[in-house]
$ cat my_file.txt   # compact mmCIF, C-alpha atoms and all ligand atoms
# COMPACT_ATOMS: atom_id res chain seq x y z
CA MET A 1 175.95 -61.86 -18.93
CA SER A 2 178.28 -61.84 -15.97
CA ILE A 3 176.72 -60.52 -12.77
CA GLU A 4 180.12 -59.95 -11.20
CA PRO A 5 180.54 -56.21 -10.54
CA THR A 6 183.87 -54.60 -9.70
CA ARG A 7 184.60 -55.63 -6.14
CA ILE A 8 184.74 -52.68 -3.77
CA ASN A 9 187.48 -53.61 -1.32
CA GLU A 10 188.54 -51.34 1.55
CA GLU A 11 191.08 -49.45 -0.54
CA LEU A 12 188.64 -48.75 -3.33
CA ALA A 13 185.95 -47.75 -0.81
CA LEU A 14 188.37 -45.24 0.67
CA TYR A 15 189.24 -43.99 -2.80
CA ILE A 16 185.54 -43.42 -3.55
CA ARG A 17 185.15 -41.58 -0.26
CA GLU A 18 188.17 -39.39 -0.90
CA HIS A 19 186.72 -38.47 -4.26
CA ALA A 20 183.33 -37.37 -2.93
CA GLY A 21 183.00 -33.70 -3.83
CA GLY A 22 181.97 -30.93 -1.48
CA ARG A 23 183.40 -32.27 1.79
CA ASP A 24 184.23 -28.87 3.18
CA GLU A 25 185.43 -27.90 6.64
CA ALA A 26 181.94 -27.82 8.15
CA LEU A 27 181.24 -31.38 6.99
CA ARG A 28 184.63 -32.66 8.10
CA LEU A 29 184.02 -31.13 11.52
CA VAL A 30 180.75 -33.08 11.80
CA GLU A 31 182.58 -36.22 10.64
CA ASP A 32 185.27 -35.72 13.30
CA GLU A 33 182.84 -34.91 16.10
CA THR A 34 180.60 -37.85 15.19
CA ALA A 35 183.64 -40.16 15.07
CA ALA A 36 184.50 -39.04 18.59
CA MET A 37 181.11 -40.38 19.77
CA GLY A 38 182.46 -43.94 19.53
CA ASP A 39 180.65 -46.95 18.13
CA ILE A 40 177.49 -45.08 17.21
CA GLN A 41 179.47 -43.14 14.58
CA ILE A 42 178.51 -46.00 12.26
CA MET A 43 175.05 -44.42 12.04
CA GLN A 44 176.34 -41.35 10.21
CA THR A 45 175.53 -41.29 6.49
CA ALA A 46 178.66 -42.17 4.50
CA PRO A 47 180.33 -39.05 3.01
CA GLU A 48 180.08 -40.33 -0.57
CA GLN A 49 176.42 -41.17 -0.12
CA ALA A 50 175.70 -37.78 1.44
CA ALA A 51 177.36 -36.16 -1.59
CA PHE A 52 175.13 -38.27 -3.80
CA LEU A 53 172.02 -37.18 -1.89
CA GLU A 54 172.96 -33.53 -2.41
CA MET A 55 173.37 -34.24 -6.12
CA LEU A 56 169.96 -35.92 -6.31
CA VAL A 57 168.29 -32.99 -4.56
CA LYS A 58 170.02 -30.59 -6.97
CA LEU A 59 168.73 -32.59 -9.94
CA GLY A 60 165.14 -32.13 -8.74
CA PRO A 61 163.11 -29.01 -8.00
CA GLY A 62 164.64 -28.81 -4.50
CA ARG A 63 161.59 -27.19 -2.94
CA ARG A 64 160.72 -29.39 0.03
CA ALA A 65 162.60 -32.32 1.49
CA ILE A 66 162.16 -34.57 4.50
CA GLU A 67 164.68 -36.68 6.38
CA VAL A 68 163.57 -39.55 8.63
CA GLY A 69 166.33 -40.05 11.21
CA THR A 70 168.79 -37.16 11.50
CA PHE A 71 171.42 -38.15 14.09
CA THR A 72 174.17 -35.49 14.02
CA GLY A 73 172.84 -33.75 10.92
CA TYR A 74 175.44 -34.87 8.38
CA GLY A 75 173.01 -35.96 5.68
CA ALA A 76 170.73 -33.05 6.54
CA ILE A 77 173.49 -30.55 5.75
CA ARG A 78 174.03 -32.03 2.32
CA ILE A 79 170.33 -32.34 1.51
CA ALA A 80 169.81 -28.74 2.59
CA ARG A 81 172.73 -27.63 0.44
CA GLY A 82 171.08 -29.25 -2.56
CA LEU A 83 167.85 -27.32 -2.09
CA ALA A 84 166.83 -24.28 -4.08
CA GLU A 85 167.22 -20.85 -2.44
CA GLU A 86 163.73 -21.01 -0.89
CA GLY A 87 163.77 -24.76 -0.29
CA THR A 88 163.13 -26.31 3.11
CA LEU A 89 164.06 -29.55 4.86
CA LEU A 90 162.02 -31.14 7.62
CA CYS A 91 164.12 -33.43 9.82
CA CYS A 92 162.50 -36.07 12.04
CA GLU A 93 164.58 -37.26 15.00
CA LEU A 94 163.48 -39.27 18.02
CA ASP A 95 166.31 -38.35 20.36
CA PRO A 96 166.25 -34.76 21.72
CA GLU A 97 170.00 -34.70 22.41
CA ARG A 98 170.83 -35.78 18.87
CA ALA A 99 168.37 -33.22 17.56
CA GLU A 100 170.25 -30.55 19.51
CA VAL A 101 173.59 -31.67 18.06
CA ALA A 102 172.09 -31.68 14.57
CA ARG A 103 170.67 -28.19 15.11
CA ARG A 104 174.09 -26.88 16.04
CA ASN A 105 175.71 -28.62 13.09
CA VAL A 106 173.24 -27.42 10.43
CA ASP A 107 173.51 -23.89 11.82
CA ARG A 108 177.31 -24.02 11.79
CA ALA A 109 177.25 -25.31 8.21
CA GLY A 110 175.23 -22.26 7.15
CA VAL A 111 171.97 -24.03 6.22
CA GLY A 112 170.13 -23.59 9.51
CA LYS A 113 167.49 -21.28 8.04
CA LYS A 114 166.32 -24.01 5.67
CA VAL A 115 166.07 -26.75 8.27
CA GLU A 116 163.33 -27.54 10.77
CA ILE A 117 163.98 -30.39 13.22
CA ARG A 118 161.00 -32.09 14.86
CA VAL A 119 161.68 -34.29 17.85
CA GLY A 120 159.59 -37.43 18.33
CA PRO A 121 158.69 -40.67 16.57
CA ALA A 122 159.03 -39.93 12.87
CA ILE A 123 155.88 -41.83 11.95
CA GLU A 124 153.84 -39.49 14.15
CA THR A 125 155.52 -36.43 12.65
CA ILE A 126 154.84 -37.63 9.10
CA ARG A 127 151.25 -38.61 9.83
CA SER A 128 150.62 -35.22 11.39
CA LEU A 129 151.47 -33.55 8.06
CA PRO A 130 148.70 -32.77 5.58
CA GLU A 131 148.07 -35.72 3.30
CA GLU A 132 148.64 -33.95 0.05
CA PRO A 133 151.62 -33.89 -2.30
CA THR A 134 154.19 -31.92 -0.46
CA PHE A 135 157.72 -33.25 -0.78
CA ASP A 136 160.08 -33.55 -3.75
CA PHE A 137 162.65 -35.55 -1.85
CA ALA A 138 162.69 -37.91 1.13
CA TYR A 139 165.60 -39.66 2.83
CA VAL A 140 164.61 -42.55 5.08
CA ASP A 141 167.36 -43.46 7.55
CA ALA A 142 165.80 -44.27 10.95
CA ASP A 143 164.70 -47.51 12.68
CA LYS A 144 164.71 -50.20 10.00
CA ILE A 145 161.58 -51.95 11.23
CA GLY A 146 159.67 -48.75 10.52
CA TYR A 147 160.68 -48.50 6.84
CA PRO A 148 157.49 -50.07 5.39
CA ASP A 149 155.37 -47.67 7.47
CA TYR A 150 157.52 -44.69 6.51
CA TYR A 151 157.12 -45.64 2.86
CA GLU A 152 153.32 -45.84 3.04
CA ALA A 153 153.07 -42.64 5.07
CA LEU A 154 155.40 -40.71 2.76
CA LEU A 155 153.96 -41.87 -0.56
CA PRO A 156 150.76 -39.78 -0.50
CA ARG A 157 152.78 -36.79 0.64
CA MET A 158 155.21 -36.89 -2.27
CA ASN A 159 154.81 -34.89 -5.46
CA GLN A 160 154.59 -36.81 -8.71
CA GLY A 161 158.18 -37.40 -9.78
CA GLY A 162 159.34 -37.00 -6.18
CA LEU A 163 162.12 -39.24 -4.96
CA ILE A 164 162.09 -41.38 -1.82
CA THR A 165 165.52 -42.73 -0.88
CA PHE A 166 166.08 -45.57 1.60
CA ASP A 167 169.41 -46.12 3.33
CA ASN A 168 170.81 -49.41 4.69
CA VAL A 169 168.80 -51.65 2.40
CA PHE A 170 171.61 -54.25 2.68
CA MET A 171 171.36 -54.27 6.50
CA ALA A 172 175.15 -54.56 6.78
CA GLY A 173 175.06 -57.53 4.41
CA LEU A 174 172.46 -59.47 6.42
CA ILE A 175 169.73 -58.84 3.87
CA LEU A 176 170.35 -62.26 2.27
CA ASP A 177 169.70 -64.10 5.55
CA PRO A 178 167.01 -66.75 4.95
CA ASP A 179 166.00 -66.73 8.64
CA PRO A 180 165.46 -63.02 9.37
CA ASN A 181 164.52 -61.37 12.64
CA GLU A 182 161.65 -58.87 12.44
CA HIS A 183 163.89 -55.89 11.60
CA LEU A 184 165.49 -57.77 8.76
CA ALA A 185 162.15 -59.16 7.61
CA ALA A 186 160.75 -55.61 7.41
CA MET A 187 163.60 -54.54 5.14
CA GLN A 188 163.41 -57.69 3.01
CA GLY A 189 159.67 -57.07 2.65
CA LEU A 190 160.19 -53.49 1.54
CA ASN A 191 162.97 -54.41 -0.88
CA ASP A 192 160.76 -57.08 -2.46
CA LEU A 193 157.71 -54.80 -2.57
CA LEU A 194 159.55 -51.98 -4.34
CA VAL A 195 160.65 -54.14 -7.30
CA ASP A 196 157.11 -54.47 -8.67
CA ASP A 197 155.29 -51.66 -6.91
CA GLN A 198 153.34 -49.88 -9.65
CA ARG A 199 153.27 -46.66 -7.63
CA VAL A 200 157.01 -46.06 -8.13
CA ASP A 201 159.99 -46.73 -10.36
CA SER A 202 162.81 -48.02 -8.23
CA VAL A 203 166.47 -48.90 -8.37
CA MET A 204 168.74 -50.41 -5.71
CA LEU A 205 172.30 -49.15 -5.64
CA GLY A 206 175.35 -50.87 -4.17
CA MET A 207 176.51 -47.75 -2.40
CA ALA A 208 177.69 -47.82 1.21
CA ASP A 209 175.15 -50.12 2.97
CA GLY A 210 172.79 -50.11 0.01
CA LEU A 211 170.63 -47.22 -1.14
CA THR A 212 167.31 -47.60 -2.95
CA LEU A 213 165.76 -44.79 -4.97
CA ALA A 214 162.00 -44.87 -5.53
CA ARG A 215 160.57 -42.25 -7.89
CA VAL A 216 156.86 -41.63 -7.43
CA ARG A 217 154.79 -42.15 -10.59
C1 LIG B 1 171.25 -43.93 10.99
S1 LIG B 1 170.92 -42.61 12.05
C2 LIG B 1 170.58 -41.29 10.93
C3 LIG B 1 171.82 -40.76 10.24
C4 LIG B 1 171.60 -39.45 9.55
N1 LIG B 1 170.58 -39.57 8.52
C5 LIG B 1 172.88 -38.94 8.95
O1 LIG B 1 172.83 -38.38 7.83
O2 LIG B 1 173.95 -39.06 9.55
C6 LIG B 1 169.32 -43.01 12.62
C7 LIG B 1 168.68 -41.96 13.50
O3 LIG B 1 167.28 -42.26 13.56
C8 LIG B 1 166.82 -41.94 14.85
N2 LIG B 1 165.59 -42.70 15.08
C9 LIG B 1 165.48 -44.00 15.46
N3 LIG B 1 164.18 -44.33 15.57
C10 LIG B 1 163.48 -43.23 15.23
C11 LIG B 1 162.09 -42.94 15.16
N4 LIG B 1 161.17 -43.86 15.44
N5 LIG B 1 161.72 -41.69 14.80
C12 LIG B 1 162.65 -40.75 14.49
N6 LIG B 1 163.97 -40.97 14.56
C13 LIG B 1 164.38 -42.19 14.92
C14 LIG B 1 167.98 -42.32 15.76
O4 LIG B 1 167.89 -41.61 17.00
C15 LIG B 1 169.18 -41.93 14.93
O5 LIG B 1 169.64 -40.64 15.26

$ encode --input "my_file.txt" --output "structure tokens" --more "lines below"
Ligand SMILES: C[S@@+](CC[C@H](N)C(=O)[O-])C[C@H]1O[C@@H](n2cnc3c(N)ncnc32)[C@H](O)[C@@H]1O
Amino acid sequence: MSIEPTRINEELALYIREHAGGRDEALRLVEDETAAMGDIQIMQTAPEQAAFLEMLVKLGPGRRAIEVGTFTGYGAIRIARGLAEEGTLLCCELDPERAEVARRNVDRAGVGKKVEIRVGPAIETIRSLPEEPTFDFAYVDADKIGYPDYYEALLPRMNQGGLITFDNVFMAGLILDPDPNEHLAAMQGLNDLLVDDQRVDSVMLGMADGLTLARVR
């Protein structure tokens, strides 16, 4: 069996992006405003991946979701749009200014009522939540060194069948580095753990900078 997938070059990547459904004016405005922030725009969830997250949320019960790392609210808008009518999204963001920008953006996109944004270290926010099955969907997209802790803190708070998604599992391609720094080592550790972790079924997708889905058993 060949392991050679179709190579996604720049043109094909753009084609995929241009064919992501649901990129309406509100989302394009966030894209443009985030792009104007300069280099840190790279942190925004890729449009095609955000569309995929919305789809995943729609495929589930869409009752309660959590996002770890919110930045300008791009992914949050799409997750919130995937929720059921009464569904809610809890966003965890360390930086108060980014939280403010995200608040404005989710409000402008018409999903503000569904979204709560808590400012502070996400691990503290998660650990302050009742340890009982609560969430149907989680999107982990904050400091990479924290991923293993986010995973362990989220697991007991997920419903059976709930989905935890992890962004940037390729670490911009560095994930194969045999001599990792501690950030990279944390991600390599999580990636390796998830393959055989009996608590979840998982799959790693070659989307954007790598996205892993872990469904809680
Ligand atoms: C990659 S960006 C998130 C992108 C966002 N999910 C989106 O859809 O565009 C990472 C965000 O995590 C935040 N962050 C970093 N460390 C954090 C922590 N310990 N707790 C909460 N948020 C954190 C950063 O301030 C940044 O806004």

$ atom_distance --input "my_file.txt" --atom1 "atom C4 of ligand LIG 1 (chain B)" --atom2 "CA of Thr6 in chain A"
27.4 Å

$ residues_around --input "my_file.txt" --residues "Glu132 in chain A" --least-positions-apart "6" --cutoff "10 Å" --atoms "all atoms listed in the file" --output "count of residues only"
6

$ residues_around --input "my_file.txt" --residues "range 111-125 of chain A" --least-positions-apart "2" --cutoff "9 Å" --atoms "only C-alpha atoms" --output "count of residues only"
38

$ closest_residue --input "my_file.txt" --among "A:Met37, A:Val195, A:Leu14, A:Ile145" --to "ligand LIG 1 (chain B)" --atoms "only C-alpha atoms and all ligand atoms"
A:Ile145

$ closest_residue --input "my_file.txt" --among "A:Ala84, A:Leu193, A:Ile66, A:Leu213" --to "ligand LIG 1 (chain B)" --atoms "only C-alpha atoms and all ligand atoms"
A:Ile66

$ closest_residue --input "my_file.txt" --among "A:Met1, A:Leu59, A:Ile79, A:Ala26" --to "ligand LIG 1 (chain B)" --atoms "only C-alpha atoms and all ligand atoms"
A:Ile79

$ residues_around --input "my_file.txt" --residues "Leu190 in chain A" --least-positions-apart "4" --cutoff "8 Å" --atoms "all atoms listed in the file" --output "ChimeraX atom specification"
/A:147-148,186,194

$ atom_distance --input "my_file.txt" --atom1 "CA of Val101 in chain A" --atom2 "CA of Val30 in chain A"
9.6 Å

$ residues_around --input "my_file.txt" --residues "range 200-207 of chain A" --least-positions-apart "3" --cutoff "10 Å" --atoms "all atoms listed in the file" --output "NGL selection string"
:A and (5 or 8 or 13 or 46 or 48-49 or 52 or 155 or 160-170 or 191 or 194-197 or 210-217)

$ atom_distance --input "my_file.txt" --atom1 "atom C3 of ligand LIG 1 (chain B)" --atom2 "CA of Gln188 in chain A"
20.2 Å

$ axis_aligned_box --input "my_file.txt" --around "range 114-122 of chain A" --padding-each-side "4 Å" --output "JSON"
{"center_x": 162.5, "center_y": -32.3, "center_z": 12.0, "size_x": 15.6, "size_y": 24.7, "size_z": 20.7}

$ build_atoms --input "my_file.txt" --residues "range 167-184 of chain A" --atoms "N, CA and C atoms" --output "PDB file, keeping the file's coordinate frame"
ATOM      1  N   ASP A 167     168.043 -45.706   3.008  1.00  0.00           N
ATOM      2  CA  ASP A 167     169.410 -46.120   3.330  1.00  0.00           C
ATOM      3  C   ASP A 167     169.415 -47.497   4.006  1.00  0.00           C
ATOM      4  N   ASN A 168     170.565 -48.145   3.980  1.00  0.00           N
ATOM      5  CA  ASN A 168     170.810 -49.410   4.690  1.00  0.00           C
ATOM      6  C   ASN A 168     169.955 -50.569   4.188  1.00  0.00           C
ATOM      7  N   VAL A 169     169.653 -50.571   2.902  1.00  0.00           N
ATOM      8  CA  VAL A 169     168.800 -51.650   2.400  1.00  0.00           C
ATOM      9  C   VAL A 169     169.535 -52.997   2.327  1.00  0.00           C
ATOM     10  N   PHE A 170     170.862 -52.989   2.583  1.00  0.00           N
ATOM     11  CA  PHE A 170     171.610 -54.250   2.680  1.00  0.00           C
ATOM     12  C   PHE A 170     171.699 -54.745   4.131  1.00  0.00           C
ATOM     13  N   MET A 171     171.304 -53.901   5.066  1.00  0.00           N
ATOM     14  CA  MET A 171     171.360 -54.270   6.500  1.00  0.00           C
ATOM     15  C   MET A 171     172.726 -54.855   6.852  1.00  0.00           C
ATOM     16  N   ALA A 172     173.761 -54.128   6.499  1.00  0.00           N
ATOM     17  CA  ALA A 172     175.150 -54.560   6.780  1.00  0.00           C
ATOM     18  C   ALA A 172     175.426 -55.947   6.201  1.00  0.00           C
ATOM     19  N   GLY A 173     174.805 -56.255   5.079  1.00  0.00           N
ATOM     20  CA  GLY A 173     175.060 -57.530   4.410  1.00  0.00           C
ATOM     21  C   GLY A 173     174.137 -58.658   4.854  1.00  0.00           C
ATOM     22  N   LEU A 174     173.330 -58.407   5.888  1.00  0.00           N
ATOM     23  CA  LEU A 174     172.460 -59.470   6.420  1.00  0.00           C
ATOM     24  C   LEU A 174     171.209 -59.687   5.579  1.00  0.00           C
ATOM     25  N   ILE A 175     171.000 -58.823   4.618  1.00  0.00           N
ATOM     26  CA  ILE A 175     169.730 -58.840   3.870  1.00  0.00           C
ATOM     27  C   ILE A 175     169.470 -60.197   3.192  1.00  0.00           C
ATOM     28  N   LEU A 176     170.530 -60.956   2.937  1.00  0.00           N
ATOM     29  CA  LEU A 176     170.350 -62.260   2.270  1.00  0.00           C
ATOM     30  C   LEU A 176     170.000 -63.382   3.253  1.00  0.00           C
ATOM     31  N   ASP A 177     169.955 -63.070   4.538  1.00  0.00           N
ATOM     32  CA  ASP A 177     169.700 -64.100   5.550  1.00  0.00           C
ATOM     33  C   ASP A 177     168.321 -64.753   5.333  1.00  0.00           C
ATOM     34  N   PRO A 178     168.286 -66.069   5.190  1.00  0.00           N
ATOM     35  CA  PRO A 178     167.010 -66.750   4.950  1.00  0.00           C
ATOM     36  C   PRO A 178     166.152 -66.889   6.217  1.00  0.00           C
ATOM     37  N   ASP A 179     166.752 -66.585   7.388  1.00  0.00           N
ATOM     38  CA  ASP A 179     166.000 -66.730   8.640  1.00  0.00           C
ATOM     39  C   ASP A 179     166.030 -65.393   9.384  1.00  0.00           C
ATOM     40  N   PRO A 180     165.312 -64.389   8.861  1.00  0.00           N
ATOM     41  CA  PRO A 180     165.460 -63.020   9.370  1.00  0.00           C
ATOM     42  C   PRO A 180     164.739 -62.774  10.694  1.00  0.00           C
ATOM     43  N   ASN A 181     165.296 -61.854  11.492  1.00  0.00           N
ATOM     44  CA  ASN A 181     164.520 -61.370  12.640  1.00  0.00           C
ATOM     45  C   ASN A 181     163.526 -60.337  12.086  1.00  0.00           C
ATOM     46  N   GLU A 182     162.735 -59.719  12.965  1.00  0.00           N
ATOM     47  CA  GLU A 182     161.650 -58.870  12.440  1.00  0.00           C
ATOM     48  C   GLU A 182     162.157 -57.589  11.767  1.00  0.00           C
ATOM     49  N   HIS A 183     163.316 -57.093  12.228  1.00  0.00           N
ATOM     50  CA  HIS A 183     163.890 -55.890  11.600  1.00  0.00           C
ATOM     51  C   HIS A 183     164.314 -56.213  10.161  1.00  0.00           C
ATOM     52  N   LEU A 184     165.006 -57.333  10.058  1.00  0.00           N
ATOM     53  CA  LEU A 184     165.490 -57.770   8.760  1.00  0.00           C
ATOM     54  C   LEU A 184     164.318 -58.113   7.827  1.00  0.00           C
TER      55      LEU A 184
END
